[in-house]
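Written out below as structure tokens is the structure these notes cover.
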Amino acid sequence: MMPVKKIEIIINEIGLLKVLKLLDAAGVSGYTVIKNTTGKGERGLRGGDELTGVFTNSYVMTACPPEKVTAVVESLRPTLKQRGGVCLVSDAQWLIH
Amino acid sequence: MMPVKKIEIIINEIGLLKVLKLLDAAGVSGYTVIKNTTGKGERGLRGGDELTGVFTNSYVMTACPPEKVTAVVESLRPTLKQRGGVCLVSDAQWLIH
Amino acid sequence: MMPVKKIEIIINEIGLLKVLKLLDAAGVSGYTVIKNTTGKGERGLRGGDELTGVFTNSYVMTACPPEKVTAVVESLRPTLKQRGGVCLVSDAQWLIH
Amino acid sequence: MDFNLLISNFLNPPILFFFLGLAAVFVKSDLEIPAPIPKILSLYLLFAIGYKGGVGLAAGGLQTQIVVVLVAAVVMATFVPLYAFFVLRRKLPVADAAAIAATYGSISAVTFITAAALLEKLGIAYGGYMVAAMALMESPAIIVAVLLYRLSSVDRSGAAFSWRELCRAAFFNGSVFLIMGSLVIGALSGDAGAKTLKPFTNDIFAGGLCFFLLDMGIVAAKRLGDLRRAGAFLTAFAILLPLINAALAIPLAYVWGLSQGDAFMFTILCASASYIAVPAAMRLSIPEANPSLYVPMSLAITFPFNIIAGMSLYLAIINYFWS
Amino acid sequence: MDFNLLISNFLNPPILFFFLGLAAVFVKSDLEIPAPIPKILSLYLLFAIGYKGGVGLAAGGLQTQIVVVLVAAVVMATFVPLYAFFVLRRKLPVADAAAIAATYGSISAVTFITAAALLEKLGIAYGGYMVAAMALMESPAIIVAVLLYRLSSVDRSGAAFSWRELCRAAFFNGSVFLIMGSLVIGALSGDAGAKTLKPFTNDIFAGGLCFFLLDMGIVAAKRLGDLRRAGAFLTAFAILLPLINAALAIPLAYVWGLSQGDAFMFTILCASASYIAVPAAMRLSIPEANPSLYVPMSLAITFPFNIIAGMSLYLAIINYFWS
Amino acid sequence: MDFNLLISNFLNPPILFFFLGLAAVFVKSDLEIPAPIPKILSLYLLFAIGYKGGVGLAAGGLQTQIVVVLVAAVVMATFVPLYAFFVLRRKLPVADAAAIAATYGSISAVTFITAAALLEKLGIAYGGYMVAAMALMESPAIIVAVLLYRLSSVDRSGAAFSWRELCRAAFFNGSVFLIMGSLVIGALSGDAGAKTLKPFTNDIFAGGLCFFLLDMGIVAAKRLGDLRRAGAFLTAFAILLPLINAALAIPLAYVWGLSQGDAFMFTILCASASYIAVPAAMRLSIPEANPSLYVPMSLAITFPFNIIAGMSLYLAIINYFWS
Ligand SMILES: Nc1ncnc2c1ncn2[C@@H]1O[C@H](COP(=O)(O)O)[C@@H](O)[C@H]1O
Ligand SMILES: Nc1ncnc2c1ncn2[C@@H]1O[C@H](COP(=O)(O)O)[C@@H](O)[C@H]1O
Ligand SMILES: Nc1ncnc2c1ncn2[C@@H]1O[C@H](COP(=O)(O)O)[C@@H](O)[C@H]1O
Ligand code: NA
Ligand code: NA
Ligand code: NA
């Protein structure tokens with residue numbers, strides 16, 4: 001077991017590619033994406049509209065070493081400010097296999 | 001970064017609207033929903049049956065200030081008791097953007 | 001509220017059944033599954049290919065009493081080693097209803 | 001009972017695909033129809049059957065025959081859940097008894113469709129208004145069951161009872177609303193509409209039905225395990241109730257002077273049990289009821305029983321009396 | 001205005017299914033078309049309309065008429081977002097003004113398709129090259145809007161402006177790319193191809209359209225609430241702009257000598273507003289703009305207005321002048 | 001090699017849609033066919049081809065010709081993975097060698113379907129039993145590969161080897177099970193069934209194929225990048241193996257007296273490589289093998305090579321010898 005930080009990001013589907021590029025650039029070793037999530041936030045209700053794709057969110061999760069967290073979240077901040085979305089950081093243990 | 005509580009709820013899809021209404025009523029600022037999840041619990045295996053929708057779950061996540069947690073979970077308790085489901089609370093940091 | 005450990009597993013979709021069997025065998029009381037997730041890790045980019053199903057992941061979450069964690073993760077270790085994937089463990093509170 | 005009829009029904013592609021679905025689970029194949037395809041297939045079937053029914057209804061005009069059929073439909077759809085509830089109540093808690101009663105009081109559109117395919121193969125006609133009868137039979141059982149449940153149980157949830165929500169669950173749940181809506185649109189849009197839509201609603205219909213039944217076979221086989229929990233009483237119930245309902249429906253149809261085809265479709269409606277509209281409504285309105293009882297009963301016993309043996313049996317009896 | 005025309009248009013199954021979708025939300029039915037079915041239906045419609053257009057284009061050969069139509073299309077698709085932007089800028093922030101301008105400068109394929117169904121019903125012909133015109137009209141408004149936005153706003157994001165990304169969003173976004181590609185393939189693959197694909201692209205088309213409009217009705221009704229935020233100005237704008245655009249398009253079509261059918265389709269293109277291609281492109285290129293304004297305007301007001309009243313109105317006017 | 005044949009094949013809509021998919025990725029369009037549509041399209045194609053094959057089989061009756069073809073199919077499907085494994089073993093670890101050998105020993109249903117469309121266009125007949133041959137050729141390579149892998153490798157996983165699981169992966173994996181099942185149902189359900197299902201299995205088939213190939217083009221282009229990792233040896237292998245297999249299949253077909261159409265379909269089966277059934281089975285039974293090798297090889301090289309150049313080449317050679 002290795003202590004890591006879990007970073008969870010919720011972002012509009014159309015901004016997903018941008019976020020993944022930023023994660024790659026920040027040097028994370030991997031990530032997991034769940035598409036087609038919906039939700040409600042400052043920018044109102046999303047979902048119930050699969051037509052335009054404009055109101056659909058993606059959920060991205062990446063586990064990374066604690067020392068990388070600042071770099072990752074700082075690189076995400078401008079995109080989240082511009083496009084909306086949420087970023088949560090929490091503690092977890094990674095099973096080394 | 002702001003400390004928040006992450007509340008995760010797993011609820012039968014047909015009860016989803018009820019849960020979202022309760023969250024709105026409890027004054028959370030937003031939430032994220034992942035539909036079409038499956039699982040197993042006290043009430044047996046769900047999933048493998050997209051026909052009736054009766055065995056499908058939704059996953060709801062909301063991040064809220066620690067002082068709101070009690071209000072939120074207490075408002076959810078009767079619904080979870082009646083319909084089954086799971087509610088987990090954990091700690092996280094919210095990236096302010 | 002009851003303290004539990006949240007175990008999150010990301011595994012190739014074709015290995016999902018195996019993981020669920022292991023969880024059942026380890027005596028967890030329930031779990032939640034999100035299918036059709038994608039991601040990137042040691043074994044390269046997954047997703048963007050729903051054709052073969054070979055590059056699709058599933059996300060499995062189970063909440064269990066802290067004393068069960070070791071048994072669960074140890075039973076998962078060989079499968080994760082062989083098939084790739086990620087297992088994270090974190091703390092949470094379970095709402096008793 | 002006509003053995004050829006049984007065989008001919010059995011060799012219909014949709015029925016065979018149902019068995020293929022069962023077989024897939026028994027040999028542990030990983031064949032599955034991924035979500036949300038089963039959902040959209042069921043919307044398609046409801047759309048097509050509703051639309052075709054509407055076209056038939058418009059073509060036929062409103063006659064006394066129709067009124068008789070529709071009244072008969074509502075009567076049976078109200079009576080069946082009532083008597084079923086009191087039978088079930090002897091062995092089961094209120095919530096489960098009410099939910100199962102609703103399941104058997106309502107109808108199964110796919111059983112109806114499969115029966116229609118059999119009639120078509122045999123060249124026996126039935127009225128387009130039978131689809132209207134089907135649509136009318138979906139909701140009453142839901143209302144009756146929820147009322148029985150409210151009357152018989154001490155309300156644990158403390159939630160106020162809302163007629164508004166009940167009617168919404170009964171009349172406006174997705175399946176009922178779509179079939180009703182398509183029926184009205186089919187009746188309104190006339191010959192020109194029917195002709196443009198024919199390739200979609202009629203020609204490719206059999207294919208959609210095959211895929212849907214393949215999925216139903218898979219789901220039914222997966223739910224078979226739940227039946228162990230249900231026990232012998234409910235398993236027997238799931239076979240006896242269609243037989244009893246058919247035994248009630250056939251004489252009624254005879255007395256009311258329904259044509260051979262209409263009588264058969266009416267019998268099928270009474271004998272079939274819901275596994276889409278009612279489970280969804282029960283989950284909403286009687287959440288205490290256990291879906292691992294009412295879903296496998298209707299899906300894994302009553303449905304296959306009806307399409308394999310029941311349908312041929314009812315038709316043989318009707319043929320005997322009507323000719 | 002021909003009242004029969006209005007009724008006949010109104011009783012088209014696709015239009016009726018749009019209303020059924022609206023009704024489902026108003027009565028709070030839980031009817032929904034689950035993701036990703038609406039997406040695949042829209043891909044199907046684009047594929048079919050593009051392919052049929054390509055076949056028509058190949059059959060027609062290249063004449064001056066076609067060149068005129070295509071030039072007219074590009075001119076209007078560039079002019080509309082320009083004038084709309086300056087109107088909107090009086091009341092709205094730059095980002096929103098630009099995004100709404102793009103929405104109204106571009107086109108709606110489903111409005112086009114519904115109009116085509118009306119013409120077919122009335123036996124009025126139009127050229128296969130109108131589909132090419134439609135494809136050409138999707139992108140210019142996106143380019144114009146993004147340029148207007150860059151010129152009028154202080155760039156807050158600090159991101160370098162990339163022509164490359166803009167062109168990709170305008171010309172290669174999924175919808176535009178698929179309709180263009182299908183058009184080319186339809187033109188290349190000739191009679192044999194058209195014949196094999198006909199059951200898929202033509203025969204079942206009406207059914208796919210009905211389902212799609214059912215979903216559009218549901219989504220439009222759900223988005224109606226957003227309009228309160230949009231306010232009276234934008235609501236009026238969403239009805240006036242199609243009327244103004246039609247008032248510009250009809251005389252142009254007359255002067256340029258378009259046939260009656262072509263003139264109608266050209267008018268519909270100018271009067272319609274995008275709700276698939278443009279919203280996606282705006283979300284990417286002008287993320288500051290609020291989609292809760294431009295999506296419901298085009299989807300919940302302009303689209304229903306056009307298919308219910310607009311279409312019949314434009315056609316009545318064209319009938320008057322062309323005959 | 002007949003140049004007209006190449007062009008005529010190339011201008012088939014399905015092939016053109018494959019290129020459109022490739023193009024979408026190259027211009028970085030965001031066009032995509034969302035999950036689970038590709039899955040359901042592939043189930044549809046397997047259903048349709050299986051069913052049509054079964055109908056053809058029932059129509060033909062069992063003759064010696066059929067037995068010869070089926071034996072030939074099994075022989076080749078067993079021999080190819082054997083020789084391929086020993087070639088690959090010189091450069092690759094056991095797991096990868098076995099998985100790639102299985103990929104090339106098995107077949108691709110979509111290549112088969114595309115070849116069938118070409119024959120139909122040219123008016124050349126082939127037997128319905130070729131579909132049975134195809135179904136028979138899916139599994140042996142999986143069995144052979146897993147056995148070779150178990151025999152050649154020290155078992156690191158410590159898991160007991162289970163014949164039961166192997167057979168399930170080989171014979172009952174979703175794709176194999178559905179095509180086999182549909183074949184049997186097609187054979188059982190006779191003329192009446194075939195007629196009702198024709199609009200679904202035949203008429204809209206070309207459209208489904210176009211959409212599927214559009215997706216395959218997108219996926220193939222996305223996977224092209226993986227090939228850099230695969231290197232020159234595997235890239236060459238992915239083109240040479242179909243050629244060698246065709247060079248083995250054509251003389252065999254000649255000696256065994258297959259008709260022109262049957263010989264061509266047999267050759268295509270031998271030359272094609274699996275990218276649905278085998279990858280799923282390998283992922284399950286040889287999880288150590290790297291899917292980023294075997295999937296792009298078969299999907300992004302062998303499949304396009306066969307449908308663009310291979311098919312025309314094999315047919316030209318067969319035309320030469322058979323006439
Ligand atoms: N407090 C919250 N908890 C969980 N998810 C949230 C929360 N606020 C916003 N979201 C998610 O983030 C998306 C964008 O939020 P926003 O930018 O605030 O509109 C929403 O659609 C939700 O899916
Ligand atoms: N221990 C658990 N860990 C994670 N998810 C659970 C757990 N128990 C139940 N669930 C989820 O909650 C749903 C309802 O559970 P239940 O009400 O216990 O049947 C299940 O279908 C699972 O998706
Ligand atoms: N650092 C990470 N954070 C989150 N998810 C990961 C991470 N690394 C790998 N994954 C997920 O686990 C899957 C398998 O990883 P791997 O076995 O490393 O290829 C990937 O496709 C991702 O979905
Ligand atoms: Na009934
Ligand atoms: Na316009
Ligand atoms: Na092969």
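Residues are named by chain letter and number: chains run A, B, ... in the order of the structure tokens, numbers start at 1 in each chain, and ligands are numbered from 1 in the order shown.
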Contacts of E:Asp191 at 10 Å (only C-alpha atoms; same-chain gap of 6+ positions) as a VMD selection string:
chain E and resid 55 58 to 59 197
Write out the residues from the selection above, keeping N, CA, C and O atoms, as a PDB file, in the first residue's frame.
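Just written: result-v9.pdb:
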ATOM      1  N   VAL E  55     -26.772  11.510 -53.859  1.00  0.00           N
ATOM      2  CA  VAL E  55     -27.351  10.790 -54.986  1.00  0.00           C
ATOM      3  C   VAL E  55     -28.072  11.775 -55.914  1.00  0.00           C
ATOM      4  O   VAL E  55     -27.902  11.735 -57.138  1.00  0.00           O
ATOM      5  N   ALA E  58     -25.555  13.866 -57.879  1.00  0.00           N
ATOM      6  CA  ALA E  58     -24.935  13.123 -58.983  1.00  0.00           C
ATOM      7  C   ALA E  58     -25.914  12.976 -60.138  1.00  0.00           C
ATOM      8  O   ALA E  58     -25.532  13.058 -61.305  1.00  0.00           O
ATOM      9  N   ALA E  59     -27.177  12.770 -59.800  1.00  0.00           N
ATOM     10  CA  ALA E  59     -28.184  12.607 -60.847  1.00  0.00           C
ATOM     11  C   ALA E  59     -28.373  13.901 -61.628  1.00  0.00           C
ATOM     12  O   ALA E  59     -28.564  13.899 -62.842  1.00  0.00           O
ATOM     13  N   LEU E 197     -28.973   0.892 -50.637  1.00  0.00           N
ATOM     14  CA  LEU E 197     -29.153   1.597 -49.382  1.00  0.00           C
ATOM     15  C   LEU E 197     -30.566   2.148 -49.200  1.00  0.00           C
ATOM     16  O   LEU E 197     -30.914   2.565 -48.100  1.00  0.00           O
TER      17      LEU E 197
END
Site check for ligand 1: residues at most 6 Å away, only C-alpha atoms and all ligand atoms, as an MDAnalysis selection string:
(chainID A and resid 10 38:44 46 84:86) or (chainID B and resid 29:32 61:64)
Within 6 Å of ligand 6 (only C-alpha atoms and all ligand atoms), residues as a ChimeraX atom specification
/F:104-107,269-273
Only residues of chain B matter here; which ones have an atom within 12 Å of chain C, counting only C-alpha atoms? Give them as a CSV table (one decimal) with N, CA, C and O atoms, in the first residue's frame.
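The file below, result.csv, is the result:
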chain,number,residue,atom,x,y,z
B,5,LYS,N,-17.1,17.9,2.7
B,5,LYS,CA,-17.5,16.5,2.9
B,5,LYS,C,-18.0,16.0,1.6
B,5,LYS,O,-18.8,16.7,0.9
B,6,LYS,N,-17.6,14.8,1.2
B,6,LYS,CA,-18.1,14.2,0.0
B,6,LYS,C,-19.2,13.2,0.4
B,6,LYS,O,-18.9,12.3,1.2
B,7,ILE,N,-20.4,13.4,-0.1
B,7,ILE,CA,-21.4,12.4,0.2
B,7,ILE,C,-21.7,11.6,-1.0
B,7,ILE,O,-22.0,12.2,-2.1
B,8,GLU,N,-21.6,10.3,-0.9
B,8,GLU,CA,-21.9,9.4,-2.1
B,8,GLU,C,-23.2,8.6,-1.8
B,8,GLU,O,-23.2,8.0,-0.7
B,9,ILE,N,-24.1,8.6,-2.7
B,9,ILE,CA,-25.3,7.9,-2.5
B,9,ILE,C,-25.6,6.9,-3.6
B,9,ILE,O,-25.4,7.3,-4.8
B,10,ILE,N,-25.9,5.7,-3.3
B,10,ILE,CA,-26.3,4.7,-4.3
B,10,ILE,C,-27.8,4.4,-4.0
B,10,ILE,O,-28.1,4.0,-2.9
B,11,ILE,N,-28.6,4.6,-5.1
B,11,ILE,CA,-30.0,4.5,-4.9
B,11,ILE,C,-30.6,3.9,-6.1
B,11,ILE,O,-30.1,4.1,-7.2
B,12,ASN,N,-31.7,3.1,-6.0
B,12,ASN,CA,-32.4,2.6,-7.1
B,12,ASN,C,-32.8,3.7,-8.1
B,12,ASN,O,-33.2,4.7,-7.6
B,33,VAL,N,-24.4,13.0,-11.1
B,33,VAL,CA,-25.1,11.8,-11.1
B,33,VAL,C,-24.5,10.8,-12.2
B,33,VAL,O,-24.3,11.3,-13.3
B,34,ILE,N,-24.3,9.6,-11.8
B,34,ILE,CA,-24.0,8.6,-12.8
B,34,ILE,C,-25.1,7.6,-12.8
B,34,ILE,O,-25.4,6.9,-11.8
B,35,LYS,N,-25.7,7.5,-14.0
B,35,LYS,CA,-26.9,6.6,-14.1
B,35,LYS,C,-26.4,5.2,-14.5
B,35,LYS,O,-25.2,5.0,-14.8
B,36,ASN,N,-27.3,4.2,-14.5
B,36,ASN,CA,-27.0,2.9,-15.1
B,36,ASN,C,-25.8,2.2,-14.4
B,36,ASN,O,-25.0,1.6,-15.0
B,37,THR,N,-25.8,2.3,-13.1
B,37,THR,CA,-24.8,1.5,-12.4
B,37,THR,C,-25.5,0.3,-11.9
B,37,THR,O,-26.8,0.2,-11.7
B,38,THR,N,-24.8,-0.8,-11.6
B,38,THR,CA,-25.4,-2.0,-11.1
B,38,THR,C,-24.7,-2.3,-9.7
B,38,THR,O,-23.9,-1.6,-9.3
B,39,GLY,N,-25.1,-3.4,-9.1
B,39,GLY,CA,-24.5,-3.7,-7.9
B,39,GLY,C,-25.2,-4.8,-7.2
B,39,GLY,O,-26.1,-5.5,-7.7
B,40,LYS,N,-24.7,-5.1,-6.0
B,40,LYS,CA,-25.2,-6.1,-5.1
B,40,LYS,C,-25.3,-5.6,-3.7
B,40,LYS,O,-24.4,-4.9,-3.3
B,41,GLY,N,-26.3,-6.0,-3.0
B,41,GLY,CA,-26.4,-5.5,-1.6
B,41,GLY,C,-27.4,-6.5,-0.9
B,41,GLY,O,-27.6,-7.6,-1.3
B,42,GLU,N,-28.0,-6.0,0.2
B,42,GLU,CA,-28.9,-6.7,1.0
B,42,GLU,C,-30.0,-7.2,0.1
B,42,GLU,O,-30.6,-8.3,0.4
B,43,ARG,N,-30.5,-6.4,-0.8
B,43,ARG,CA,-31.6,-6.8,-1.6
B,43,ARG,C,-31.2,-7.5,-2.9
B,43,ARG,O,-32.0,-7.5,-3.9
B,44,GLY,N,-30.1,-8.2,-2.9
B,44,GLY,CA,-29.7,-9.1,-4.0
B,44,GLY,C,-29.0,-8.4,-5.1
B,44,GLY,O,-28.8,-7.2,-5.1
B,45,LEU,N,-28.7,-9.2,-6.1
B,45,LEU,CA,-28.0,-8.7,-7.3
B,45,LEU,C,-28.8,-7.8,-8.1
B,45,LEU,O,-30.0,-8.0,-8.4
B,46,ARG,N,-28.3,-6.7,-8.5
B,46,ARG,CA,-29.0,-5.8,-9.5
B,46,ARG,C,-28.2,-5.8,-10.8
B,46,ARG,O,-27.0,-6.1,-10.8
B,47,GLY,N,-28.9,-5.5,-11.9
B,47,GLY,CA,-28.2,-5.4,-13.1
B,47,GLY,C,-28.3,-6.7,-13.9
B,47,GLY,O,-28.9,-7.6,-13.5
B,48,GLY,N,-27.8,-6.6,-15.2
B,48,GLY,CA,-28.1,-7.7,-16.0
B,48,GLY,C,-29.5,-7.7,-16.5
B,48,GLY,O,-30.0,-8.7,-17.0
B,56,THR,N,-31.8,-1.4,-11.6
B,56,THR,CA,-30.7,-0.5,-11.9
B,56,THR,C,-30.5,0.6,-10.8
B,56,THR,O,-31.5,1.1,-10.3
B,57,ASN,N,-29.3,0.9,-10.5
B,57,ASN,CA,-29.0,1.9,-9.5
B,57,ASN,C,-28.5,3.2,-10.2
B,57,ASN,O,-28.0,3.2,-11.3
B,58,SER,N,-28.6,4.3,-9.4
B,58,SER,CA,-27.8,5.5,-9.8
B,58,SER,C,-26.9,5.8,-8.7
B,58,SER,O,-27.1,5.5,-7.5
B,59,TYR,N,-25.8,6.5,-9.1
B,59,TYR,CA,-24.8,6.9,-8.1
B,59,TYR,C,-24.9,8.5,-8.1
B,59,TYR,O,-24.8,9.1,-9.1
B,69,VAL,N,-23.5,18.5,6.5
B,69,VAL,CA,-23.6,17.1,6.3
B,69,VAL,C,-24.7,16.5,7.1
B,69,VAL,O,-25.5,15.7,6.5
B,70,THR,N,-24.8,16.8,8.4
B,70,THR,CA,-25.9,16.2,9.2
B,70,THR,C,-27.2,16.4,8.6
B,70,THR,O,-28.1,15.5,8.5
B,72,VAL,N,-28.1,17.0,5.5
B,72,VAL,CA,-28.3,16.3,4.3
B,72,VAL,C,-28.5,14.8,4.6
B,72,VAL,O,-29.5,14.2,4.1
B,73,VAL,N,-27.7,14.2,5.4
B,73,VAL,CA,-27.8,12.7,5.6
B,73,VAL,C,-29.1,12.4,6.3
B,73,VAL,O,-29.8,11.4,6.1
B,74,GLU,N,-29.5,13.3,7.3
B,74,GLU,CA,-30.7,13.0,8.0
B,74,GLU,C,-31.9,13.1,7.1
B,74,GLU,O,-32.9,12.3,7.2
B,75,SER,N,-31.9,14.0,6.1
B,75,SER,CA,-33.0,14.1,5.2
B,75,SER,C,-33.1,12.9,4.3
B,75,SER,O,-34.1,12.5,3.7
B,76,LEU,N,-31.9,12.2,4.1
B,76,LEU,CA,-31.9,11.1,3.2
B,76,LEU,C,-32.3,9.8,3.9
B,76,LEU,O,-32.8,8.8,3.2
B,77,ARG,N,-32.1,9.7,5.2
B,77,ARG,CA,-32.2,8.5,5.9
B,77,ARG,C,-33.5,7.7,5.7
B,77,ARG,O,-33.5,6.5,5.3
B,78,PRO,N,-34.7,8.4,5.8
B,78,PRO,CA,-35.9,7.6,5.6
B,78,PRO,C,-36.1,7.0,4.2
B,78,PRO,O,-36.5,5.9,4.1
B,79,THR,N,-35.7,7.8,3.2
B,79,THR,CA,-35.7,7.2,1.8
B,79,THR,C,-34.8,6.0,1.7
B,79,THR,O,-35.2,5.0,1.0
B,80,LEU,N,-33.6,6.1,2.2
B,80,LEU,CA,-32.7,4.9,2.1
B,80,LEU,C,-33.3,3.7,2.9
B,80,LEU,O,-33.2,2.6,2.4
B,81,LYS,N,-33.9,4.0,4.0
B,81,LYS,CA,-34.5,2.9,4.8
B,81,LYS,C,-35.6,2.2,4.0
B,81,LYS,O,-35.7,1.0,3.9
B,82,GLN,N,-36.4,3.1,3.3
B,82,GLN,CA,-37.5,2.5,2.6
B,82,GLN,C,-37.1,1.8,1.3
B,82,GLN,O,-37.6,0.7,1.0
B,83,ARG,N,-36.2,2.4,0.6
B,83,ARG,CA,-35.9,1.9,-0.7
B,83,ARG,C,-34.6,1.2,-0.8
B,83,ARG,O,-34.2,0.7,-1.9
B,84,GLY,N,-33.9,1.1,0.3
B,84,GLY,CA,-32.5,0.5,0.2
B,84,GLY,C,-31.6,1.5,-0.4
B,84,GLY,O,-31.9,2.6,-0.8
B,85,GLY,N,-30.3,1.0,-0.4
B,85,GLY,CA,-29.3,1.9,-1.0
B,85,GLY,C,-28.2,2.2,0.1
B,85,GLY,O,-28.3,1.8,1.2
B,86,VAL,N,-27.2,3.0,-0.3
B,86,VAL,CA,-26.0,3.2,0.5
B,86,VAL,C,-25.7,4.7,0.5
B,86,VAL,O,-25.9,5.4,-0.5
B,87,CYS,N,-25.2,5.2,1.6
B,87,CYS,CA,-24.8,6.5,1.7
B,87,CYS,C,-23.4,6.6,2.4
B,87,CYS,O,-23.4,6.1,3.6
B,88,LEU,N,-22.4,7.1,1.8
B,88,LEU,CA,-21.1,7.2,2.4
B,88,LEU,C,-20.7,8.6,2.5
B,88,LEU,O,-20.9,9.4,1.6
B,89,VAL,N,-20.0,9.0,3.6
B,89,VAL,CA,-19.5,10.3,3.8
B,89,VAL,C,-18.0,10.2,4.0
B,89,VAL,O,-17.5,9.4,4.7
B,90,SER,N,-17.2,11.1,3.2
B,90,SER,CA,-15.8,11.1,3.4
B,90,SER,C,-15.2,12.5,3.3
B,90,SER,O,-16.0,13.5,3.0
B,91,ASP,N,-14.0,12.7,3.6
B,91,ASP,CA,-13.3,14.0,3.6
B,91,ASP,C,-12.7,14.3,2.2
B,91,ASP,O,-12.1,13.4,1.6
B,92,ALA,N,-12.7,15.5,1.8
B,92,ALA,CA,-12.0,15.9,0.6
B,92,ALA,C,-11.7,17.4,0.6
B,92,ALA,O,-12.2,18.1,1.5
Starting from chain F, keep only residues with some atom at most 9 Å from an atom of chain E, counting only C-alpha atoms, and report them as a PyMOL selection string.
chain F and resi 11-13+16-17+20+24+27-37+121+199+203-208+211
Taking 4 positions as the minimum chain separation for residues in the same chain, which residues sit within 7 Å of stretch 51-54 of chain C when counting only C-alpha atoms? Answer as JSON, numbers by chain.
{"F": [38, 39, 275, 276, 279, 280, 283]}
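Close contacts of stretch 303-312 of chain E, defined as residues with an atom at most 9 Å away when counting only C-alpha atoms, with chain neighbours fewer than 6 positions off set aside, comprise Met1, Asp2, Phe3, Leu5, Leu6, Asn9, Phe10, Ile15, Phe18, Ser108, Val110, Thr111, Thr114, Ala115, Leu118, Gly217, Ala220, Ala238, Ile239, Pro242, Leu243, Phe264, Ile268, Ala271, Ser272, Ala273, Ser274 and Met297 of chain E.
Take atom CA of E:Leu166 and atom CA of A:Phe55: the distance between them is 21.1 Å.
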Restricting to only C-alpha atoms and all ligand atoms, whichever of D:Ser139, D:Ser259, D:Ser285, D:Asn245 is closest to ligand 4 is D:Asn245
Taking the chain letters and numbering used in this document, name the residues of chain A that DSSP puts in alpha helix (DSSP H), as a PyMOL selection string.
chain A and resi 16-25+69-83
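Excluding E:Val131 itself and any same-chain residue fewer than 6 positions from it, the protein and nucleic acid residues within 10 Å of it, counting only C-alpha atoms, are Ile49, Gly50, Tyr51, Lys52, Gly53, Gly54, Gly56, Leu57, Leu70, Ala109, Phe112, Ile113, Met137, Ile179, Met180, Leu183, Met265, Phe266 and Leu269 of chain E.
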